[in-house]
Every structure is written in C-alpha cells, then in structure tokens.
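Novice: Contents of protein_25.pdb (PDB, C-alpha atoms) are given next:
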ATOM      1  CA  MET A1440      57.356  75.135 -23.343  1.00  0.00           C
ATOM      2  CA  THR A1441      54.749  73.142 -25.194  1.00  0.00           C
ATOM      3  CA  ILE A1442      54.929  69.426 -25.812  1.00  0.00           C
ATOM      4  CA  GLU A1443      55.011  70.176 -29.538  1.00  0.00           C
ATOM      5  CA  SER A1444      58.110  72.375 -29.159  1.00  0.00           C
ATOM      6  CA  LEU A1445      59.785  69.732 -26.990  1.00  0.00           C
ATOM      7  CA  LEU A1446      59.124  67.093 -29.632  1.00  0.00           C
ATOM      8  CA  ASP A1447      60.625  69.460 -32.215  1.00  0.00           C
ATOM      9  CA  GLU A1448      63.657  69.777 -29.960  1.00  0.00           C
ATOM     10  CA  ILE A1449      64.082  65.977 -29.947  1.00  0.00           C
ATOM     11  CA  GLU A1450      63.942  66.003 -33.739  1.00  0.00           C
ATOM     12  CA  ASP A1451      66.622  68.739 -33.771  1.00  0.00           C
ATOM     13  CA  ILE A1452      68.873  66.678 -31.484  1.00  0.00           C
ATOM     14  CA  LEU A1453      68.498  63.693 -33.788  1.00  0.00           C
ATOM     15  CA  GLU A1454      69.247  65.819 -36.850  1.00  0.00           C
ATOM     16  CA  GLU A1455      72.357  67.217 -35.156  1.00  0.00           C
ATOM     17  CA  GLY A1456      73.626  63.711 -34.316  1.00  0.00           C
ATOM     18  CA  LYS A1457      77.032  62.842 -35.724  1.00  0.00           C
ATOM     19  CA  SER A1458      77.251  60.005 -38.235  1.00  0.00           C
ATOM     20  CA  VAL A1459      79.157  56.889 -37.133  1.00  0.00           C
ATOM     21  CA  PRO A1460      81.728  56.095 -39.864  1.00  0.00           C
ATOM     22  CA  PHE A1461      80.900  53.138 -42.089  1.00  0.00           C
ATOM     23  CA  THR A1462      77.358  52.836 -40.660  1.00  0.00           C
ATOM     24  CA  SER A1463      73.984  54.449 -40.986  1.00  0.00           C
ATOM     25  CA  ASN A1464      73.963  55.100 -37.243  1.00  0.00           C
ATOM     26  CA  LEU A1465      74.181  58.387 -35.376  1.00  0.00           C
ATOM     27  CA  LEU A1466      75.857  59.444 -32.168  1.00  0.00           C
ATOM     28  CA  ILE A1467      73.394  61.508 -30.161  1.00  0.00           C
ATOM     29  CA  ASP A1468      73.489  63.257 -26.822  1.00  0.00           C
ATOM     30  CA  VAL A1469      71.510  60.789 -24.681  1.00  0.00           C
ATOM     31  CA  ALA A1470      71.523  63.157 -21.694  1.00  0.00           C
ATOM     32  CA  GLU A1471      69.931  65.877 -23.840  1.00  0.00           C
ATOM     33  CA  ILE A1472      67.242  63.459 -25.075  1.00  0.00           C
ATOM     34  CA  LYS A1473      66.536  62.409 -21.478  1.00  0.00           C
ATOM     35  CA  ARG A1474      66.287  66.070 -20.428  1.00  0.00           C
ATOM     36  CA  VAL A1475      63.752  66.797 -23.177  1.00  0.00           C
ATOM     37  CA  ILE A1476      61.742  63.684 -22.251  1.00  0.00           C
ATOM     38  CA  GLU A1477      61.674  64.889 -18.630  1.00  0.00           C
ATOM     39  CA  ASP A1478      60.486  68.323 -19.839  1.00  0.00           C
ATOM     40  CA  ILE A1479      57.717  66.577 -21.770  1.00  0.00           C
ATOM     41  CA  ARG A1480      56.673  64.751 -18.623  1.00  0.00           C
ATOM     42  CA  LEU A1481      56.685  68.010 -16.667  1.00  0.00           C
ATOM     43  CA  ASN A1482      54.544  69.735 -19.306  1.00  0.00           C
ATOM     44  CA  MET A1483      51.955  66.943 -19.529  1.00  0.00           C
ATOM     45  CA  PRO A1484      49.874  68.276 -16.616  1.00  0.00           C
ATOM     46  CA  ASP A1485      48.944  71.367 -18.699  1.00  0.00           C
ATOM     47  CA  GLU A1486      46.524  69.229 -20.683  1.00  0.00           C
ATOM     48  CA  LEU A1487      45.215  67.761 -17.460  1.00  0.00           C
ATOM     49  CA  MET A1488      44.741  71.287 -16.081  1.00  0.00           C
ATOM     50  CA  GLN A1489      42.706  72.116 -19.186  1.00  0.00           C
ATOM     51  CA  ALA A1490      40.531  69.078 -18.515  1.00  0.00           C
ATOM     52  CA  ARG A1491      40.072  70.235 -14.908  1.00  0.00           C
ATOM     53  CA  LYS A1492      39.175  73.731 -16.156  1.00  0.00           C
ATOM     54  CA  ILE A1493      36.503  72.216 -18.397  1.00  0.00           C
ATOM     55  CA  ALA A1494      35.159  70.245 -15.432  1.00  0.00           C
ATOM     56  CA  SER A1495      35.069  73.480 -13.425  1.00  0.00           C
ATOM     57  CA  GLU A1496      33.230  75.219 -16.266  1.00  0.00           C
ATOM     58  CA  ARG A1497      30.755  72.331 -16.183  1.00  0.00           C
ATOM     59  CA  LYS A1498      30.020  73.125 -12.536  1.00  0.00           C
ATOM     60  CA  GLU A1499      29.577  76.814 -13.393  1.00  0.00           C
ATOM     61  CA  ILE A1500      27.164  75.925 -16.204  1.00  0.00           C
ATOM     62  CA  LEU A1501      25.130  73.749 -13.833  1.00  0.00           C
ATOM     63  CA  ALA A1502      25.131  76.495 -11.178  1.00  0.00           C
ATOM     64  CA  ALA A1503      24.010  79.089 -13.739  1.00  0.00           C
ATOM     65  CA  ALA A1504      21.262  76.747 -14.937  1.00  0.00           C
ATOM     66  CA  GLN A1505      20.145  76.171 -11.346  1.00  0.00           C
ATOM     67  CA  ASN A1506      20.127  79.940 -10.686  1.00  0.00           C
ATOM     68  CA  SER A1507      18.096  80.508 -13.839  1.00  0.00           C
ATOM     69  CA  ALA A1508      15.663  77.789 -12.759  1.00  0.00           C
ATOM     70  CA  ASP A1509      15.405  79.324  -9.267  1.00  0.00           C
ATOM     71  CA  GLU A1510      14.672  82.748 -10.788  1.00  0.00           C
ATOM     72  CA  ILE A1511      11.956  81.289 -13.011  1.00  0.00           C
ATOM     73  CA  ILE A1512      10.383  79.513 -10.041  1.00  0.00           C
ATOM     74  CA  ALA A1513      10.637  82.664  -7.885  1.00  0.00           C
ATOM     75  CA  ALA A1514       8.968  84.700 -10.661  1.00  0.00           C
ATOM     76  CA  ALA A1515       6.279  82.035 -10.942  1.00  0.00           C
ATOM     77  CA  HIS A1516       5.678  82.139  -7.165  1.00  0.00           C
ATOM     78  CA  LYS A1517       5.471  85.937  -7.243  1.00  0.00           C
ATOM     79  CA  ARG A1518       3.064  85.884 -10.166  1.00  0.00           C
ATOM     80  CA  ALA A1519       0.958  83.189  -8.510  1.00  0.00           C
ATOM     81  CA  LYS A1520       0.854  85.162  -5.274  1.00  0.00           C
ATOM     82  CA  GLU A1521      -0.288  88.264  -7.132  1.00  0.00           C
ATOM     83  CA  LEU A1522      -3.048  86.313  -8.847  1.00  0.00           C
ATOM     84  CA  VAL A1523      -4.208  84.711  -5.609  1.00  0.00           C
ATOM     85  CA  GLU A1524      -4.361  88.076  -3.859  1.00  0.00           C
ATOM     86  CA  ASP A1525      -6.905  89.274  -6.352  1.00  0.00           C
ATOM     87  CA  HIS A1526     -10.007  87.746  -4.628  1.00  0.00           C
ATOM     88  CA  GLU A1527     -12.302  88.034  -7.685  1.00  0.00           C
ATOM     89  CA  ILE A1528     -10.292  85.538  -9.697  1.00  0.00           C
ATOM     90  CA  THR A1529      -8.840  83.417  -6.907  1.00  0.00           C
ATOM     91  CA  LYS A1530      -9.839  80.110  -8.495  1.00  0.00           C
ATOM     92  CA  GLY A1531      -8.472  81.113 -11.876  1.00  0.00           C
ATOM     93  CA  ALA A1532      -5.333  82.393 -10.200  1.00  0.00           C
ATOM     94  CA  GLU A1533      -4.773  79.079  -8.427  1.00  0.00           C
ATOM     95  CA  SER A1534      -5.105  77.212 -11.717  1.00  0.00           C
ATOM     96  CA  ALA A1535      -2.844  79.706 -13.518  1.00  0.00           C
ATOM     97  CA  ALA A1536      -0.310  79.493 -10.691  1.00  0.00           C
ATOM     98  CA  ALA A1537      -0.255  75.725 -10.923  1.00  0.00           C
ATOM     99  CA  ASP A1538       0.233  75.945 -14.692  1.00  0.00           C
ATOM    100  CA  ILE A1539       2.997  78.522 -14.314  1.00  0.00           C
ATOM    101  CA  MET A1540       4.681  76.414 -11.660  1.00  0.00           C
ATOM    102  CA  ALA A1541       4.468  73.322 -13.881  1.00  0.00           C
ATOM    103  CA  GLN A1542       5.879  75.248 -16.834  1.00  0.00           C
ATOM    104  CA  ALA A1543       8.616  76.712 -14.651  1.00  0.00           C
ATOM    105  CA  ARG A1544       9.556  73.279 -13.335  1.00  0.00           C
ATOM    106  CA  THR A1545       9.545  71.856 -16.859  1.00  0.00           C
ATOM    107  CA  GLN A1546      11.719  74.715 -18.149  1.00  0.00           C
ATOM    108  CA  ALA A1547      14.029  74.447 -15.170  1.00  0.00           C
ATOM    109  CA  GLY A1548      14.375  70.695 -15.683  1.00  0.00           C
ATOM    110  CA  GLU A1549      15.100  71.170 -19.379  1.00  0.00           C
ATOM    111  CA  ILE A1550      17.709  73.854 -18.666  1.00  0.00           C
ATOM    112  CA  VAL A1551      19.424  71.745 -16.021  1.00  0.00           C
ATOM    113  CA  GLU A1552      19.366  68.614 -18.235  1.00  0.00           C
ATOM    114  CA  GLY A1553      20.736  70.576 -21.196  1.00  0.00           C
ATOM    115  CA  ALA A1554      23.499  72.025 -19.039  1.00  0.00           C
ATOM    116  CA  ARG A1555      24.370  68.583 -17.665  1.00  0.00           C
ATOM    117  CA  ALA A1556      24.492  67.092 -21.161  1.00  0.00           C
ATOM    118  CA  THR A1557      26.719  69.921 -22.411  1.00  0.00           C
ATOM    119  CA  ALA A1558      28.997  69.709 -19.398  1.00  0.00           C
ATOM    120  CA  SER A1559      29.242  65.930 -19.694  1.00  0.00           C
ATOM    121  CA  GLU A1560      30.083  66.198 -23.397  1.00  0.00           C
ATOM    122  CA  LEU A1561      32.771  68.825 -22.694  1.00  0.00           C
ATOM    123  CA  THR A1562      34.256  66.666 -19.949  1.00  0.00           C
ATOM    124  CA  ASP A1563      34.293  63.586 -22.202  1.00  0.00           C
ATOM    125  CA  GLN A1564      35.942  65.543 -25.013  1.00  0.00           C
ATOM    126  CA  ALA A1565      38.570  66.972 -22.664  1.00  0.00           C
ATOM    127  CA  GLN A1566      39.373  63.553 -21.229  1.00  0.00           C
ATOM    128  CA  LYS A1567      39.629  62.022 -24.703  1.00  0.00           C
ATOM    129  CA  TRP A1568      41.867  64.851 -25.875  1.00  0.00           C
ATOM    130  CA  ALA A1569      44.144  64.560 -22.817  1.00  0.00           C
ATOM    131  CA  ASN A1570      44.332  60.764 -23.251  1.00  0.00           C
ATOM    132  CA  ASP A1571      45.095  61.139 -26.965  1.00  0.00           C
ATOM    133  CA  MET A1572      47.862  63.670 -26.205  1.00  0.00           C
ATOM    134  CA  ARG A1573      49.375  61.402 -23.526  1.00  0.00           C
ATOM    135  CA  THR A1574      49.217  58.378 -25.829  1.00  0.00           C
ATOM    136  CA  SER A1575      50.711  60.241 -28.802  1.00  0.00           C
ATOM    137  CA  ALA A1576      53.522  61.739 -26.748  1.00  0.00           C
ATOM    138  CA  GLY A1577      54.264  58.384 -25.125  1.00  0.00           C
ATOM    139  CA  GLU A1578      54.354  56.618 -28.482  1.00  0.00           C
ATOM    140  CA  TYR A1579      56.601  59.295 -29.969  1.00  0.00           C
ATOM    141  CA  VAL A1580      59.029  59.107 -27.045  1.00  0.00           C
ATOM    142  CA  GLU A1581      58.947  55.296 -27.175  1.00  0.00           C
ATOM    143  CA  ASN A1582      59.801  55.410 -30.893  1.00  0.00           C
ATOM    144  CA  ILE A1583      62.698  57.818 -30.244  1.00  0.00           C
ATOM    145  CA  VAL A1584      64.050  55.609 -27.453  1.00  0.00           C
ATOM    146  CA  ALA A1585      63.645  52.476 -29.637  1.00  0.00           C
ATOM    147  CA  LEU A1586      65.545  54.175 -32.482  1.00  0.00           C
ATOM    148  CA  ALA A1587      68.293  55.245 -30.100  1.00  0.00           C
ATOM    149  CA  ASP A1588      68.459  51.721 -28.652  1.00  0.00           C
ATOM    150  CA  GLU A1589      68.628  50.178 -32.125  1.00  0.00           C
ATOM    151  CA  SER A1590      71.325  52.645 -33.165  1.00  0.00           C
ATOM    152  CA  LEU A1591      73.409  51.890 -30.090  1.00  0.00           C
ATOM    153  CA  THR A1592      72.966  48.120 -30.543  1.00  0.00           C
ATOM    154  CA  ASN A1593      74.030  48.342 -34.189  1.00  0.00           C
ATOM    155  CA  SER A1594      77.078  50.420 -33.225  1.00  0.00           C
ATOM    156  CA  VAL A1595      78.133  47.906 -30.553  1.00  0.00           C
ATOM    157  CA  ASN A1596      77.690  45.022 -33.005  1.00  0.00           C
ATOM    158  CA  GLU A1597      79.785  46.822 -35.621  1.00  0.00           C
ATOM    159  CA  ILE A1598      82.515  47.496 -33.067  1.00  0.00           C
ATOM    160  CA  ARG A1599      82.513  43.807 -32.118  1.00  0.00           C
ATOM    161  CA  ARG A1600      82.779  42.768 -35.794  1.00  0.00           C
ATOM    162  CA  ALA A1601      85.639  45.245 -36.340  1.00  0.00           C
ATOM    163  CA  ARG A1602      87.464  43.872 -33.281  1.00  0.00           C
ATOM    164  CA  GLN A1603      87.006  40.311 -34.524  1.00  0.00           C
ATOM    165  CA  SER A1604      88.334  41.327 -37.952  1.00  0.00           C
ATOM    166  CA  LEU A1605      91.358  42.985 -36.338  1.00  0.00           C
ATOM    167  CA  ARG A1606      91.996  39.919 -34.187  1.00  0.00           C
ATOM    168  CA  ALA A1607      91.681  37.630 -37.210  1.00  0.00           C
ATOM    169  CA  ALA A1608      94.060  39.845 -39.217  1.00  0.00           C
ATOM    170  CA  ALA A1609      96.554  39.897 -36.351  1.00  0.00           C
ATOM    171  CA  GLN A1610      96.269  36.120 -35.966  1.00  0.00           C
ATOM    172  CA  HIS A1611      96.727  35.675 -39.711  1.00  0.00           C
ATOM    173  CA  LYS A1612      99.775  37.939 -39.662  1.00  0.00           C
ATOM    174  CA  ARG A1613     101.284  35.959 -36.791  1.00  0.00           C
ATOM    175  CA  THR A1614     100.785  32.687 -38.631  1.00  0.00           C
ATOM    176  CA  ASP A1615     102.365  34.157 -41.822  1.00  0.00           C
ATOM    177  CA  ASN A1616     105.516  35.183 -39.921  1.00  0.00           C
TER     178      ASN A1616
END
As structure tokens - that is how I would like this structure written.

Specialist:
Amino acid sequence: MTIESLLDEIEDILEEGKSVPFTSNLLIDVAEIKRVIEDIRLNMPDELMQARKIASERKEILAAAQNSADEIIAAAHKRAKELVEDHEITKGAESAAADIMAQARTQAGEIVEGARATASELTDQAQKWANDMRTSAGEYVENIVALADESLTNSVNEIRRARQSLRAAAQHKRTDN
C-alpha cells in the first residue's frame, strides 16, 4: 500500500463518518484511523529505501568512473611502453607518454569529479524528497488528528450543554409543581 492510498483511506473514513444530530460534527471510527496511521508509519521506510538505493547507485557510478579512469591509465601505460620500446624515438616516446599520462589523469579526474557531483546531487534530491514526504504525511496526519480532537471536544461540550439544559428544565419543573 502506498502512503497516497492510505491517505485516501483516511479521507474515506472521514466521509463515511456519521453526523452527530444538531451539530456539524461526525462520529468516526478512531480505531480505523489509528490503524491507517500505523500503516502509513510502516510504509514510510519505502521512501527511505529509495534514498538508500540512490546512494548505492552513487557508489556504482563512482566505481564505474574509477574503472573507466583505470582503463584509460592502463591504455596510456601500454601506449607509452610501446613508444618507449621503439629505440629510434625513445625521447619522443617518453614525452608523448608523459603527455598521454597527464591527459589520462586529467580525464580520469574529470570523470570522477563529474560522477561525484552527479551522485551528490542525486543523494541530496533523494533526501529532500524523503524529508518532504515525511513532513507532508506528518502534517496531514496531524491535521486529521486535530480535526478529530476538535470534533470530539465539540461533541462533549454539546452533551454537557444538553445535560445542563435538561437539569435546568427539571429544576424549573420541580419549582413549578
């Protein structure tokens, strides 16, 4: 069950509530509301699991970038070795090897930095999204509980007023007799 469907279920419970006569209040199944709130709490970790998955993907991106950098460096070493082995152009090969190594290191650094930036951005977005979902769900549940509390308080106050009216009427009747 998704949090969205559980919130819809709370709305359904509220819509199915029975009207309290002579008031704008509703009688609702508090146990059912509590059950749905508990289900919401149990389903919250799904968003957290998604955030963990994104963090895991970040590690995979960094590992792939490191592997790519290692392959570039290995290719550069191989190419440099081939150039050095050719004794006629040994000096040129050493210079070319150094250039290739520098380029490979630069490319590897850029790849790793790009992967880190992307992974960090994904992690930040996932954390923000999970926090937003938790905050929204918490606020929604808090509003539902506040409405239920207000409804119950109003009902109790109306019952007290009705009892006072009945007592006053009975007292008035006794004094008339």

Novice: Can you pull out the residues contacting Leu1591 (chain A)? Cut-off 12 Å, using all atoms listed in the file, and skip same-chain residues under 5 positions away; I want them as a list in words.

Specialist: Val1459, Thr1462, Ser1463, Asn1464, Leu1465, Leu1466, Ile1467, Asp1468, Val1469, Val1584, Ala1585, Leu1586, Asn1596, Glu1597 and Ile1598 of chain A

Novice: Would you mind telling me which residue in A:Glu1589, A:Ala1508, A:Ala1569, A:Glu1471 lies nearest to Thr1545 (chain A) when using all atoms listed in the file?

Specialist: A:Ala1508

Novice: Ranking A:Ile1476, A:Glu1496, A:Gln1546, A:Ala1565 by minimum distance to Glu1450 (chain A) and counting all atoms listed in the file, which one comes first?

Specialist: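 Counting all atoms listed in the file, the residue closest to Glu1450 (chain A) is A:Ile1476.
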
Novice: Neighbouring residues of Ala1502 (chain A) were defined as those with any atom within 12 Å, considering only C-alpha atoms; residues of the same chain fewer than 4 positions away were excluded. Please report them as a PyMOL selection string.

Specialist: chain A and resi 1495-1498+1506-1509+1547+1550-1551+1554-1555+1558

Novice: Determine the nearest neighbour of Thr1562 (chain A) from the options A:Leu1501, A:Val1475, A:Ile1449, A:Ala1490, counting only C-alpha atoms.

Specialist: A:Ala1490

Novice: Within 12 Å of (52.2, 62.2, -24.3) (file coordinates; only C-alpha atoms), which protein or nucleic acid residues are there? I'd like them as a ChimeraX atom specification.

Specialist: /A:1441-1443,1445-1446,1476-1487,1568-1581

Novice: Taking C-alpha atoms for each residue, export the selection above as a PDB file, keeping the file's coordinate frame.

Specialist:
ATOM      1  CA  THR A1441      54.749  73.142 -25.194  1.00  0.00           C
ATOM      2  CA  ILE A1442      54.929  69.426 -25.812  1.00  0.00           C
ATOM      3  CA  GLU A1443      55.011  70.176 -29.538  1.00  0.00           C
ATOM      4  CA  LEU A1445      59.785  69.732 -26.990  1.00  0.00           C
ATOM      5  CA  LEU A1446      59.124  67.093 -29.632  1.00  0.00           C
ATOM      6  CA  ILE A1476      61.742  63.684 -22.251  1.00  0.00           C
ATOM      7  CA  GLU A1477      61.674  64.889 -18.630  1.00  0.00           C
ATOM      8  CA  ASP A1478      60.486  68.323 -19.839  1.00  0.00           C
ATOM      9  CA  ILE A1479      57.717  66.577 -21.770  1.00  0.00           C
ATOM     10  CA  ARG A1480      56.673  64.751 -18.623  1.00  0.00           C
ATOM     11  CA  LEU A1481      56.685  68.010 -16.667  1.00  0.00           C
ATOM     12  CA  ASN A1482      54.544  69.735 -19.306  1.00  0.00           C
ATOM     13  CA  MET A1483      51.955  66.943 -19.529  1.00  0.00           C
ATOM     14  CA  PRO A1484      49.874  68.276 -16.616  1.00  0.00           C
ATOM     15  CA  ASP A1485      48.944  71.367 -18.699  1.00  0.00           C
ATOM     16  CA  GLU A1486      46.524  69.229 -20.683  1.00  0.00           C
ATOM     17  CA  LEU A1487      45.215  67.761 -17.460  1.00  0.00           C
ATOM     18  CA  TRP A1568      41.867  64.851 -25.875  1.00  0.00           C
ATOM     19  CA  ALA A1569      44.144  64.560 -22.817  1.00  0.00           C
ATOM     20  CA  ASN A1570      44.332  60.764 -23.251  1.00  0.00           C
ATOM     21  CA  ASP A1571      45.095  61.139 -26.965  1.00  0.00           C
ATOM     22  CA  MET A1572      47.862  63.670 -26.205  1.00  0.00           C
ATOM     23  CA  ARG A1573      49.375  61.402 -23.526  1.00  0.00           C
ATOM     24  CA  THR A1574      49.217  58.378 -25.829  1.00  0.00           C
ATOM     25  CA  SER A1575      50.711  60.241 -28.802  1.00  0.00           C
ATOM     26  CA  ALA A1576      53.522  61.739 -26.748  1.00  0.00           C
ATOM     27  CA  GLY A1577      54.264  58.384 -25.125  1.00  0.00           C
ATOM     28  CA  GLU A1578      54.354  56.618 -28.482  1.00  0.00           C
ATOM     29  CA  TYR A1579      56.601  59.295 -29.969  1.00  0.00           C
ATOM     30  CA  VAL A1580      59.029  59.107 -27.045  1.00  0.00           C
ATOM     31  CA  GLU A1581      58.947  55.296 -27.175  1.00  0.00           C
TER      32      GLU A1581
END

Novice: What is the CA of Gln1566 (chain A)-CA of Arg1491 (chain A) distance in Å, reported with one decimal?

Specialist: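 Separating CA of Gln1566 (chain A) from CA of Arg1491 (chain A) is a distance of 9.2 Å.
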